[in-house]
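With TSV, C-alpha atoms inside, this is start.tsv:
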```
chain	number	residue	atom	x	y	z
A	1	MET	CA	18.14	-9.90	17.20
A	2	LYS	CA	16.84	-6.52	18.36
A	3	ILE	CA	13.13	-6.31	19.01
A	4	ASN	CA	12.63	-3.39	16.62
A	5	ARG	CA	14.05	-5.68	13.91
A	6	ILE	CA	11.46	-8.26	14.92
A	7	CYS	CA	8.57	-5.96	14.04
A	8	LEU	CA	10.16	-5.17	10.68
A	9	LEU	CA	10.23	-8.89	9.98
A	10	MET	CA	6.53	-9.08	10.68
A	11	ALA	CA	5.24	-5.81	9.22
A	12	VAL	CA	4.40	-7.33	5.84
A	13	PHE	CA	1.95	-9.82	7.27
A	14	LEU	CA	-0.85	-7.96	5.83
A	15	GLY	CA	-3.80	-9.20	3.63
A	16	PRO	CA	-7.54	-10.04	3.25
A	17	LEU	CA	-9.11	-12.67	5.49
A	18	ILE	CA	-12.51	-14.30	5.70
A	19	ALA	CA	-13.22	-13.39	9.30
A	20	ILE	CA	-16.07	-13.53	11.76
A	21	PHE	CA	-17.81	-10.16	11.79
A	22	THR	CA	-18.04	-9.99	15.56
A	23	GLN	CA	-14.27	-10.19	15.92
A	24	CYS	CA	-13.82	-6.59	14.84
A	25	VAL	CA	-16.71	-4.78	16.47
A	26	ASN	CA	-17.40	-3.84	20.04
A	27	VAL	CA	-20.18	-6.38	20.49
A	28	ASN	CA	-20.27	-6.00	24.28
A	29	ASN	CA	-20.61	-2.21	24.00
A	30	LYS	CA	-17.88	-1.82	26.60
A	31	PRO	CA	-16.02	1.51	26.87
A	32	ASP	CA	-13.30	2.00	24.27
A	33	ALA	CA	-9.88	1.36	25.82
A	34	ARG	CA	-8.52	4.49	24.12
A	35	GLY	CA	-10.77	6.80	26.11
A	36	GLU	CA	-14.15	8.53	26.02
A	37	ALA	CA	-13.29	10.46	22.83
A	38	TYR	CA	-13.44	7.19	20.86
A	39	ALA	CA	-16.71	5.66	19.71
A	40	GLY	CA	-15.55	2.26	18.41
A	41	SER	CA	-15.87	1.11	14.81
A	42	ASP	CA	-19.23	-0.57	15.42
A	43	LYS	CA	-20.77	2.90	15.74
A	44	CYS	CA	-19.73	3.69	12.15
A	45	ILE	CA	-21.78	0.90	10.62
A	46	LYS	CA	-25.19	2.56	10.86
A	47	CYS	CA	-24.25	5.36	8.45
A	48	HIS	CA	-21.36	3.73	6.58
A	49	GLN	CA	-22.50	0.14	6.06
A	50	ARG	CA	-21.27	-0.17	2.45
A	51	ILE	CA	-17.82	1.21	3.25
A	52	TYR	CA	-17.58	-0.94	6.36
A	53	ASP	CA	-18.51	-4.14	4.53
A	54	SER	CA	-15.85	-3.39	1.92
A	55	TYR	CA	-13.29	-2.62	4.62
A	56	LEU	CA	-13.77	-6.10	6.09
A	57	GLN	CA	-11.99	-7.50	3.01
A	58	THR	CA	-8.92	-5.28	3.31
A	59	ALA	CA	-5.41	-5.74	4.64
A	60	HIS	CA	-6.10	-3.15	7.33
A	61	PHE	CA	-8.88	-5.30	8.75
A	62	ALA	CA	-6.72	-8.44	8.54
A	63	SER	CA	-3.71	-6.82	10.18
A	64	SER	CA	-4.62	-8.55	13.46
A	65	GLN	CA	-7.36	-10.96	14.48
A	66	PRO	CA	-8.06	-13.43	17.26
A	67	ALA	CA	-6.49	-16.68	16.09
A	68	SER	CA	-9.14	-19.16	14.95
A	69	ILE	CA	-9.83	-21.55	12.12
A	70	HIS	CA	-11.15	-18.50	10.23
A	71	SER	CA	-7.96	-16.42	10.54
A	72	VAL	CA	-5.32	-19.18	10.42
A	73	HIS	CA	-5.04	-20.56	6.90
A	74	GLY	CA	-2.27	-23.13	7.19
A	75	SER	CA	-3.22	-26.81	7.04
A	76	PHE	CA	-3.93	-28.88	10.16
A	77	VAL	CA	-4.29	-32.07	8.11
A	78	GLN	CA	-1.87	-34.88	8.98
A	79	ASN	CA	1.37	-34.84	6.94
A	80	HIS	CA	0.67	-31.23	5.91
A	81	ASN	CA	0.76	-29.74	9.38
A	82	GLN	CA	4.36	-30.03	10.50
A	83	ALA	CA	7.92	-28.84	10.01
A	84	THR	CA	10.98	-30.96	10.79
A	85	PHE	CA	14.24	-29.55	12.16
A	86	GLY	CA	17.80	-30.86	12.03
A	87	ASP	CA	18.00	-31.62	15.74
A	88	HIS	CA	15.49	-34.51	15.44
A	89	SER	CA	12.63	-32.26	16.51
A	90	LYS	CA	9.49	-31.14	14.78
A	91	VAL	CA	6.68	-28.65	15.30
A	92	VAL	CA	3.19	-29.99	14.61
A	93	MET	CA	0.15	-27.76	14.13
A	94	GLU	CA	-2.74	-29.39	15.98
A	95	LYS	CA	-6.45	-28.58	16.16
A	96	ARG	CA	-8.24	-29.50	19.37
A	97	GLY	CA	-11.87	-28.49	19.39
A	98	ASN	CA	-11.96	-24.75	18.78
A	99	ASN	CA	-8.32	-24.25	19.79
A	100	LEU	CA	-5.19	-24.41	17.64
A	101	TYR	CA	-1.71	-25.29	18.93
A	102	GLN	CA	1.92	-25.41	17.85
A	103	VAL	CA	3.46	-28.45	19.54
A	104	LEU	CA	7.19	-29.18	19.72
A	105	TYR	CA	8.27	-32.82	19.70
A	106	ALA	CA	11.85	-34.06	20.21
A	107	ASN	CA	12.64	-37.70	19.43
A	108	GLY	CA	8.92	-38.40	19.43
A	109	GLN	CA	8.30	-36.88	22.87
A	110	LYS	CA	6.23	-33.77	23.44
A	111	VAL	CA	8.46	-30.99	24.77
A	112	LYS	CA	6.37	-27.85	24.58
A	113	GLU	CA	3.06	-26.57	23.27
A	114	GLN	CA	1.47	-23.15	22.96
A	115	ARG	CA	-1.90	-22.07	21.67
A	116	PHE	CA	-2.44	-19.77	18.70
A	117	ASP	CA	-3.90	-16.65	20.34
A	118	ILE	CA	-3.39	-13.80	17.85
A	119	ALA	CA	-2.93	-13.85	14.08
A	120	PHE	CA	-1.18	-11.11	12.10
A	121	GLY	CA	-1.84	-10.84	8.36
A	122	GLY	CA	-3.01	-13.06	5.55
A	123	ALA	CA	-2.31	-11.81	2.00
A	124	LYS	CA	1.26	-13.04	1.64
A	125	ALA	CA	1.77	-14.75	4.97
A	126	GLU	CA	0.58	-15.04	8.54
A	127	THR	CA	2.44	-15.09	11.81
A	128	TYR	CA	1.08	-15.79	15.26
A	129	MET	CA	1.41	-14.89	18.94
A	130	TYR	CA	0.56	-16.55	22.20
A	131	TRP	CA	-0.17	-15.16	25.65
A	132	LYS	CA	1.92	-16.17	28.64
A	133	GLY	CA	0.28	-14.38	31.53
A	134	ASN	CA	0.29	-10.74	30.44
A	135	GLN	CA	3.24	-11.22	28.12
A	136	LEU	CA	3.13	-11.94	24.39
A	137	PHE	CA	5.51	-14.13	22.40
A	138	GLN	CA	5.75	-15.07	18.73
A	139	LEU	CA	5.17	-18.66	17.76
A	140	PRO	CA	8.01	-20.35	15.83
A	141	MET	CA	5.97	-21.36	12.76
A	142	SER	CA	4.32	-19.03	10.25
A	143	TYR	CA	2.27	-19.79	7.15
A	144	PHE	CA	3.47	-18.53	3.74
A	145	ASN	CA	0.99	-18.40	0.86
A	146	ALA	CA	3.70	-18.46	-1.82
A	147	LEU	CA	5.15	-21.63	-0.33
A	148	GLY	CA	1.73	-23.09	0.40
A	149	ASN	CA	3.20	-24.41	3.58
A	150	TRP	CA	4.34	-23.79	7.13
A	151	ALA	CA	7.89	-22.55	7.69
A	152	ASN	CA	9.89	-21.10	10.54
A	153	SER	CA	8.85	-17.54	11.33
A	154	PRO	CA	11.12	-14.85	9.79
A	155	GLY	CA	14.30	-14.44	11.78
A	156	PHE	CA	13.88	-17.75	13.59
A	157	PRO	CA	16.65	-20.34	13.17
A	158	GLY	CA	16.12	-23.19	10.74
A	159	GLU	CA	17.88	-25.75	12.94
A	160	HIS	CA	15.52	-25.76	15.92
A	161	ALA	CA	12.29	-24.19	17.21
A	162	TYR	CA	11.99	-21.87	20.16
A	163	PHE	CA	9.07	-20.02	21.72
A	164	ASP	CA	10.76	-17.17	23.56
A	165	ARG	CA	10.68	-14.18	21.19
A	166	PRO	CA	8.82	-11.35	22.99
A	167	ILE	CA	6.54	-8.92	21.18
A	168	GLU	CA	6.89	-5.20	21.84
A	169	GLN	CA	4.23	-2.53	21.55
A	170	ARG	CA	5.61	-1.15	18.27
A	171	CYS	CA	4.42	-4.32	16.53
A	172	PHE	CA	0.87	-3.60	17.66
A	173	GLU	CA	1.13	0.06	16.70
A	174	CYS	CA	1.11	-1.08	13.06
A	175	HIS	CA	-0.97	-4.24	13.36
A	176	SER	CA	-3.77	-3.13	15.67
A	177	SER	CA	-5.63	-0.05	16.80
A	178	TYR	CA	-4.60	-0.16	20.45
A	179	ILE	CA	-3.05	-2.14	23.25
A	180	ASN	CA	-2.08	-0.79	26.64
A	181	GLU	CA	1.41	-1.61	27.86
A	182	LEU	CA	1.41	-2.10	31.62
A	183	PRO	CA	3.99	-0.39	33.89
A	184	GLN	CA	7.21	-2.36	34.31
A	185	GLN	CA	7.15	-4.61	37.37
A	186	ASN	CA	10.41	-6.52	36.97
A	187	PHE	CA	12.63	-4.17	35.01
A	188	SER	CA	16.00	-5.64	34.10
A	189	LEU	CA	18.71	-4.19	31.90
A	190	ALA	CA	19.45	-7.71	30.75
A	191	ARG	CA	15.87	-8.39	29.64
A	192	GLN	CA	12.93	-6.06	29.73
A	193	VAL	CA	9.67	-7.73	30.66
A	194	ILE	CA	6.84	-6.26	28.59
A	195	GLU	CA	3.32	-6.84	29.87
A	196	TYR	CA	-0.02	-5.81	28.40
A	197	ASP	CA	-3.60	-5.34	29.49
A	198	LYS	CA	-5.27	-8.12	27.50
A	199	ASN	CA	-8.68	-6.46	27.66
A	200	SER	CA	-7.35	-3.27	26.05
A	201	LEU	CA	-6.43	-4.88	22.71
A	202	ILE	CA	-8.39	-3.48	19.77
A	203	TYR	CA	-7.82	-5.66	16.71
A	204	SER	CA	-7.33	-4.43	13.13
A	205	ILE	CA	-6.56	-0.96	11.85
A	206	ASP	CA	-9.98	0.48	12.52
A	207	CYS	CA	-11.84	3.59	11.33
A	208	GLU	CA	-10.57	5.80	14.15
A	209	ARG	CA	-6.90	4.99	13.56
A	210	CYS	CA	-7.17	6.93	10.29
A	211	HIS	CA	-10.07	9.34	10.91
A	212	GLY	CA	-9.40	10.19	14.54
A	213	PRO	CA	-11.64	9.91	17.65
A	214	ALA	CA	-15.28	9.77	16.57
A	215	ALA	CA	-17.44	9.94	19.72
A	216	ASN	CA	-18.39	13.59	19.19
A	217	HIS	CA	-19.02	12.94	15.49
A	218	VAL	CA	-21.33	10.02	16.26
A	219	ASP	CA	-23.24	11.97	18.92
A	220	PHE	CA	-23.73	14.98	16.65
A	221	GLN	CA	-24.74	13.07	13.52
A	222	THR	CA	-27.11	10.86	15.52
A	223	ALA	CA	-28.77	13.91	17.04
A	224	ASN	CA	-28.85	15.71	13.66
A	225	PRO	CA	-29.60	13.02	11.05
A	226	THR	CA	-30.47	15.57	8.36
A	227	GLU	CA	-27.07	17.28	8.60
A	228	LYS	CA	-25.08	15.90	5.67
A	229	LYS	CA	-21.84	17.74	6.36
A	230	ALA	CA	-19.70	15.58	8.61
A	231	LYS	CA	-18.78	17.30	11.87
A	232	TYR	CA	-16.13	16.46	14.47
A	233	ILE	CA	-14.31	13.91	12.31
A	234	VAL	CA	-11.23	14.12	10.10
A	235	ALA	CA	-11.86	13.81	6.38
A	236	TYR	CA	-8.75	12.65	4.52
A	237	LYS	CA	-9.35	15.10	1.67
A	238	SER	CA	-9.38	18.02	4.11
A	239	LEU	CA	-5.75	17.41	5.11
A	240	THR	CA	-2.69	18.93	3.52
A	241	ARG	CA	-0.52	16.71	1.35
A	242	ALA	CA	2.06	16.37	4.12
A	243	GLN	CA	-0.63	15.44	6.63
A	244	ARG	CA	-2.13	12.85	4.29
A	245	LEU	CA	1.27	11.26	3.78
A	246	ASP	CA	1.93	11.21	7.52
A	247	VAL	CA	-1.32	9.31	8.18
A	248	CYS	CA	0.03	6.42	6.11
A	249	ALA	CA	3.71	6.83	7.02
A	250	VAL	CA	2.98	6.02	10.67
A	251	CYS	CA	3.18	2.39	9.58
A	252	HIS	CA	4.36	2.48	5.97
A	253	ALA	CA	7.71	4.23	6.46
A	254	GLY	CA	9.68	1.20	7.57
A	255	ASN	CA	10.80	0.33	11.06
A	256	LYS	CA	14.23	1.88	11.35
A	257	ASP	CA	12.90	5.01	13.01
A	258	ASP	CA	12.94	5.40	16.76
A	259	PHE	CA	9.52	6.54	17.98
A	260	GLN	CA	9.82	8.77	21.04
A	261	VAL	CA	6.04	8.97	21.45
A	262	SER	CA	3.74	5.99	20.92
A	263	ALA	CA	2.23	5.87	17.44
A	264	PHE	CA	-1.10	5.09	19.14
A	265	LYS	CA	-1.20	8.79	20.10
A	266	PHE	CA	-0.85	9.93	16.48
A	267	LYS	CA	-4.08	11.30	15.03
A	268	ALA	CA	-4.90	12.37	11.49
A	269	GLY	CA	-3.65	15.92	11.10
A	270	ASP	CA	-0.68	15.47	13.43
A	271	THR	CA	2.90	15.95	12.26
A	272	LEU	CA	4.75	12.65	12.32
A	273	ALA	CA	8.11	14.35	12.80
A	274	LYS	CA	7.07	15.13	16.38
A	275	PHE	CA	6.84	11.42	17.14
A	276	LYS	CA	10.23	10.29	15.80
A	277	GLU	CA	13.89	11.12	16.10
A	278	PRO	CA	14.41	14.24	13.96
A	279	THR	CA	17.52	12.87	12.23
A	280	PHE	CA	15.38	10.68	9.97
A	281	PHE	CA	13.67	13.67	8.39
A	282	SER	CA	16.93	15.43	7.57
A	283	GLN	CA	17.96	12.60	5.28
A	284	ILE	CA	16.97	12.42	1.61
A	285	PRO	CA	15.57	8.96	0.83
A	286	ASN	CA	17.95	6.93	-1.30
A	287	PRO	CA	16.15	4.23	-3.31
A	288	ALA	CA	19.36	2.22	-3.50
A	289	THR	CA	19.31	1.68	0.27
A	290	LEU	CA	15.55	1.54	0.91
A	291	ASP	CA	14.23	-1.99	1.24
A	292	VAL	CA	11.00	-2.76	-0.60
A	293	HIS	CA	9.54	-4.19	2.59
A	294	GLY	CA	7.66	-1.80	4.83
A	295	ASN	CA	9.03	1.50	3.48
A	296	GLN	CA	6.46	2.35	0.84
A	297	SER	CA	6.34	6.04	1.76
A	298	GLY	CA	10.12	6.45	1.57
A	299	LEU	CA	10.28	4.74	-1.81
A	300	LEU	CA	7.37	6.78	-3.15
A	301	ALA	CA	8.95	10.02	-1.92
A	302	ALA	CA	12.10	9.26	-3.91
A	303	SER	CA	10.13	8.68	-7.15
A	304	LYS	CA	9.97	11.23	-9.97
A	305	CYS	CA	6.20	10.77	-10.19
A	306	PHE	CA	5.94	11.97	-6.62
A	307	LEU	CA	8.47	14.78	-6.92
A	308	LYS	CA	6.87	16.23	-10.06
A	309	SER	CA	3.25	16.03	-8.93
A	310	ASN	CA	0.98	16.51	-5.96
A	311	MET	CA	0.23	12.81	-5.59
A	312	ASP	CA	-0.07	11.07	-2.24
A	313	CYS	CA	-0.94	7.54	-1.14
A	314	GLY	CA	-4.65	8.15	-1.73
A	315	THR	CA	-4.00	8.98	-5.38
A	316	CYS	CA	-3.64	5.25	-6.04
A	317	HIS	CA	-5.02	3.51	-2.96
A	318	ASP	CA	-8.54	3.36	-1.56
A	319	PRO	CA	-8.02	1.99	1.98
A	320	HIS	CA	-11.68	0.92	2.12
A	321	LYS	CA	-11.29	-1.56	-0.75
A	322	ASN	CA	-9.27	-4.67	-1.44
A	323	GLU	CA	-7.70	-3.90	-4.81
A	324	ALA	CA	-4.39	-5.68	-4.29
A	325	SER	CA	-4.70	-7.85	-7.41
A	326	ASN	CA	-6.47	-5.31	-9.61
A	327	LEU	CA	-3.51	-4.11	-11.67
A	328	ALA	CA	-5.81	-2.70	-14.34
A	329	ALA	CA	-7.41	-0.30	-11.84
A	330	TYR	CA	-4.01	0.94	-10.71
A	331	SER	CA	-2.89	1.29	-14.33
A	332	GLN	CA	-5.88	3.49	-15.13
A	333	ARG	CA	-4.83	5.76	-12.29
A	334	CYS	CA	-1.36	5.97	-13.79
A	335	MET	CA	-2.83	6.96	-17.13
A	336	SER	CA	-4.94	9.72	-15.61
A	337	CYS	CA	-1.64	11.63	-15.54
A	338	HIS	CA	0.44	9.76	-18.12
A	339	ASN	CA	-1.44	10.18	-21.39
A	340	SER	CA	-0.86	11.41	-24.91
A	341	GLY	CA	-2.55	14.73	-24.12
A	342	ASN	CA	0.06	15.45	-21.47
A	343	HIS	CA	2.82	14.24	-23.82
A	344	ASN	CA	4.14	11.87	-21.16
A	345	PHE	CA	2.58	8.57	-22.19
A	346	CYS	CA	4.61	5.36	-22.23
A	347	LYS	CA	7.18	5.56	-25.02
A	348	VAL	CA	7.11	1.83	-25.65
A	349	ALA	CA	3.30	1.53	-25.62
A	350	PRO	CA	3.06	0.10	-29.18
A	351	GLU	CA	5.15	-2.96	-28.25
A	352	PRO	CA	2.91	-4.46	-25.58
A	353	GLY	CA	-0.15	-3.22	-27.47
A	354	ALA	CA	-3.54	-3.17	-25.77
A	355	SER	CA	-2.13	-4.77	-22.62
A	356	ILE	CA	-0.53	-1.44	-21.74
A	357	LYS	CA	-3.96	-0.32	-20.52
A	358	ASN	CA	-4.10	-3.15	-18.03
A	359	ASN	CA	-0.63	-3.28	-16.58
A	360	CYS	CA	1.68	-0.34	-16.03
A	361	ILE	CA	2.49	-1.71	-12.61
A	362	ASP	CA	4.67	-4.74	-13.39
A	363	CYS	CA	6.97	-2.58	-15.52
A	364	HIS	CA	7.26	0.45	-13.25
A	365	MET	CA	6.61	-1.03	-9.79
A	366	PRO	CA	7.81	-4.65	-10.09
A	367	LEU	CA	7.77	-7.28	-7.40
A	368	LYS	CA	11.18	-7.49	-5.76
A	369	PRO	CA	12.77	-9.59	-2.99
A	370	SER	CA	13.05	-8.01	0.43
A	371	ASN	CA	16.29	-7.91	2.39
A	372	ALA	CA	14.29	-8.00	5.60
A	373	ILE	CA	11.93	-10.95	5.19
A	374	GLU	CA	13.74	-14.23	4.87
A	375	ILE	CA	13.53	-17.66	6.44
A	376	ALA	CA	16.23	-20.16	7.37
A	377	MET	CA	15.91	-23.47	5.53
A	378	GLY	CA	17.81	-25.68	7.96
A	379	ASN	CA	20.59	-26.43	5.45
A	380	GLY	CA	22.38	-23.17	6.13
A	381	LYS	CA	20.63	-21.42	3.27
A	382	ARG	CA	18.15	-18.56	3.59
A	383	GLU	CA	15.20	-17.97	1.28
A	384	VAL	CA	12.89	-15.03	0.62
A	385	PRO	CA	9.43	-16.62	0.92
A	386	TYR	CA	7.64	-14.03	-1.20
A	387	LEU	CA	8.17	-10.87	-3.24
A	388	VAL	CA	7.09	-7.34	-2.35
A	389	ARG	CA	5.95	-4.66	-4.80
A	390	THR	CA	8.34	-1.71	-4.74
A	391	HIS	CA	6.85	1.77	-4.43
A	392	TYR	CA	9.85	3.37	-6.11
A	393	ILE	CA	8.19	4.23	-9.42
A	394	ALA	CA	10.78	4.06	-12.19
A	395	VAL	CA	11.81	2.31	-15.40
A	396	TYR	CA	13.05	-1.22	-14.74
A	397	PRO	CA	14.68	-2.65	-17.91
A	398	LEU	CA	14.50	-6.29	-16.82
A	399	ALA	CA	10.84	-6.00	-15.90
A	400	TYR	CA	10.14	-4.22	-19.18
A	401	LYS	CA	11.83	-7.00	-21.19
A	402	LYS	CA	9.72	-9.65	-19.46
A	403	ILE	CA	6.50	-7.78	-20.20
A	404	ILE	CA	7.44	-7.26	-23.88
A	405	ALA	CA	8.42	-10.93	-24.25
A	406	PHE	CA	5.12	-12.01	-22.72
A	407	ALA	CA	3.17	-9.67	-25.04
A	408	LYS	CA	4.97	-11.05	-28.12
A	409	ASP	CA	4.33	-14.65	-27.08
A	410	LYS	CA	0.67	-13.87	-26.56
A	411	LYS	CA	0.42	-12.34	-30.06
A	412	ARG	CA	2.02	-15.43	-31.61
A	413	VAL	CA	-0.41	-17.74	-29.81
A	414	ASN	CA	-3.39	-15.68	-30.94
```

Structure translated into structure tokens:
Amino acid sequence: MKINRICLLMAVFLGPLIAIFTQCVNVNNKPDARGEAYAGSDKCIKCHQRIYDSYLQTAHFASSQPASIHSVHGSFVQNHNQATFGDHSKVVMEKRGNNLYQVLYANGQKVKEQRFDIAFGGAKAETYMYWKGNQLFQLPMSYFNALGNWANSPGFPGEHAYFDRPIEQRCFECHSSYINELPQQNFSLARQVIEYDKNSLIYSIDCERCHGPAANHVDFQTANPTEKKAKYIVAYKSLTRAQRLDVCAVCHAGNKDDFQVSAFKFKAGDTLAKFKEPTFFSQIPNPATLDVHGNQSGLLAASKCFLKSNMDCGTCHDPHKNEASNLAAYSQRCMSCHNSGNHNFCKVAPEPGASIKNNCIDCHMPLKPSNAIEIAMGNGKREVPYLVRTHYIAVYPLAYKKIIAFAKDKKRVN
């Protein structure tokens, strides 16, 4: 499997985590690995405490964390901490002091073990990496919330476990704020050895990934505390619509595009087309071929709501808040445009009754299976371990029928 496919299989591992505060801030006050222009997210807290505290509950914060009992949510309790394979082997998740391990046993004998070092995600699932020198590899077992259990990581075989899938920088470009890839020492056409500077890793999608380098902003505002107009920082609302979309599309446009320049160099206000192969931007998104996983911006761009308005990602999403399960809040945003005054309100509103105010989303942006995220079950079958909400806003007859049936059943009960 190609490595760029690997990142696509992992890009969904996003979600809120209960995490140790010091994992995300520069507690040692060491220089930012990205350069002197960057301040580090800990410098934002003094003036933006409320926003920062809210951000700690978001998928962006949980996108990557040091692996610990706080960021790994699968069970380590006996009989709930293992997966058995068809070749008489099993992987057991073991806790030893403060360290967590995935241990491979064959015919009762220990064959291999690796420590959980990095965790990606948490809302729908989590996957994990381990360090081998300066190289990073994905562990064979991931945790899936919908299954409530451990299962082989997406793309891994269901018949046996292996520990040799390397992680490329593109994965970190969407799951972290920075990691420095070291120059190639043992380049081989057969297998490229990717090595990283461990000390350069900046976990999570932090403030400066979206707002740009903030050192000058921090210095100015600290020296001028009475100045209320933010200087030397990018405000999302100051960007053009195309620029606002590009900020999100760096990671939310799928993984089929070939980046010619590292996404770590993208800053708010840049043009994303300069970072990718130009052929992608000459194609009109086709919702029939866009997978629901990881390509939210492409699906949104193909929607009539998008084409007939000036909406962007921020119209519905506040990246500083965890609103993933608040369908009513999203529905109210829908109705700020779709209302009787604009003569474009839901034509079937009387059928679901009052519930229409709380849930536009399940009808017009239903949860759908992804063609990219699937796990092998060991019996030759493959299963999608969770559903993903499509961002192609449209009328879905099957989803509509389910909502109407539910509303009618609720009326009968009441």

> Smallest atom-to-atom distance to Lys357 in chain A: which of A:Phe266, A:Phe137, A:Phe275, A:Tyr330, using all atoms listed in the file?
Replying inline: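 Ranked by minimum distance to Lys357 in chain A, first place goes to A:Tyr330.
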
Contact residues around Phe144 in chain A with only C-alpha atoms at 6 Å, ignoring same-chain residues under 4 positions, as a PDB file with C-alpha atoms, in the frame of the given file:
```
ATOM      1  CA  ALA A 125       1.770 -14.750   4.970  1.00  0.00           C
ATOM      2  CA  GLY A 148       1.730 -23.090   0.400  1.00  0.00           C
ATOM      3  CA  ASN A 149       3.200 -24.410   3.580  1.00  0.00           C
TER       4      ASN A 149
END
```

>> Could you tell me how far CA of Gln169 in chain A sits from CA of Tyr232 in chain A, in Å to one decimal place?
In response: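 Computing it gives 28.7 Å between the two atoms.
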
> Hey, can you check how far CA of Asn81 in chain A sits from CA of His175 in chain A?
Replying inline: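 Separation between CA of Asn81 in chain A and CA of His175 in chain A: 25.9 Å.
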
> Any idea what the distance is between CA of Gln260 in chain A and CA of His211 in chain A?
Replying inline: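 Here the two named atoms are 22.3 Å from each other.
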
> Do you know which residues are at most 8 Å from Leu104 in chain A counting only C-alpha atoms, after dropping those on the same chain fewer than 5 positions away, and could you put them as a ChimeraX atom specification?
Replying inline: /A:89-92,110-113,161

Specify the axis-aligned box that encloses all atoms of range 244-247 of chain A listed in the file after padding of 4 Å on each side, stating its centre and edge lengths in Å to one decimal as lines of an AutoDock Vina configuration file.
```
center_x = -0.1
center_y = 11.1
center_z = 6.0
size_x = 12.1
size_y = 11.5
size_z = 12.4
```

> Any idea what's packed within 10 Å of range 389-395 of chain A, counting all atoms listed in the file, ignoring anything in its chain fewer than 5 positions away? Could you give it as a PyMOL selection string?
Replying inline: chain A and resi 287-288+290-306+361-370+400

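Among the candidates A:Ser63, A:Ser54, A:Gln102, A:Ser177, the one nearest to Ser41 in chain A when counting all atoms listed in the file is A:Ser177.
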
Any idea what's packed within 10 Å of Tyr236 in chain A, counting only C-alpha atoms, ignoring anything in its chain fewer than 2 positions away? Could you give it as an mmCIF file with C-alpha atoms, keeping the file's coordinate frame?
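In the end it all went to out25.cif:
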```cif
data_model
loop_
_atom_site.group_PDB
_atom_site.id
_atom_site.type_symbol
_atom_site.label_atom_id
_atom_site.label_comp_id
_atom_site.auth_asym_id
_atom_site.auth_seq_id
_atom_site.Cartn_x
_atom_site.Cartn_y
_atom_site.Cartn_z
ATOM 1 C CA CYS A 210 -7.170 6.930 10.290
ATOM 2 C CA HIS A 211 -10.070 9.340 10.910
ATOM 3 C CA ILE A 233 -14.310 13.910 12.310
ATOM 4 C CA VAL A 234 -11.230 14.120 10.100
ATOM 5 C CA SER A 238 -9.380 18.020 4.110
ATOM 6 C CA LEU A 239 -5.750 17.410 5.110
ATOM 7 C CA THR A 240 -2.690 18.930 3.520
ATOM 8 C CA ARG A 241 -0.520 16.710 1.350
ATOM 9 C CA GLN A 243 -0.630 15.440 6.630
ATOM 10 C CA ARG A 244 -2.130 12.850 4.290
ATOM 11 C CA VAL A 247 -1.320 9.310 8.180
ATOM 12 C CA ALA A 268 -4.900 12.370 11.490
ATOM 13 C CA GLY A 269 -3.650 15.920 11.100
ATOM 14 C CA GLY A 314 -4.650 8.150 -1.730
#
```

> Given the choices A:Arg382, A:Lys256, A:Arg115, A:His70, which gets closest to Gly155 in chain A if the distance is worked out from all atoms listed in the file?
Replying inline: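 Looking only at the distances to Gly155 in chain A, the closest residue turns out to be A:Arg382.
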
> Using only C-alpha atoms, which of A:Asp257, A:Ala324, A:Asn359, A:Cys248 sits nearest Thr271 in chain A?
Replying inline: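 The closest residue to Thr271 in chain A is A:Cys248.
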
> Which of these residues is nearest to Ile118 in chain A, using all atoms listed in the file: A:Leu201, A:Asp258, A:Gln65, A:Glu227?
Replying inline: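 The shortest atom-to-atom distance to Ile118 in chain A comes from A:Gln65.
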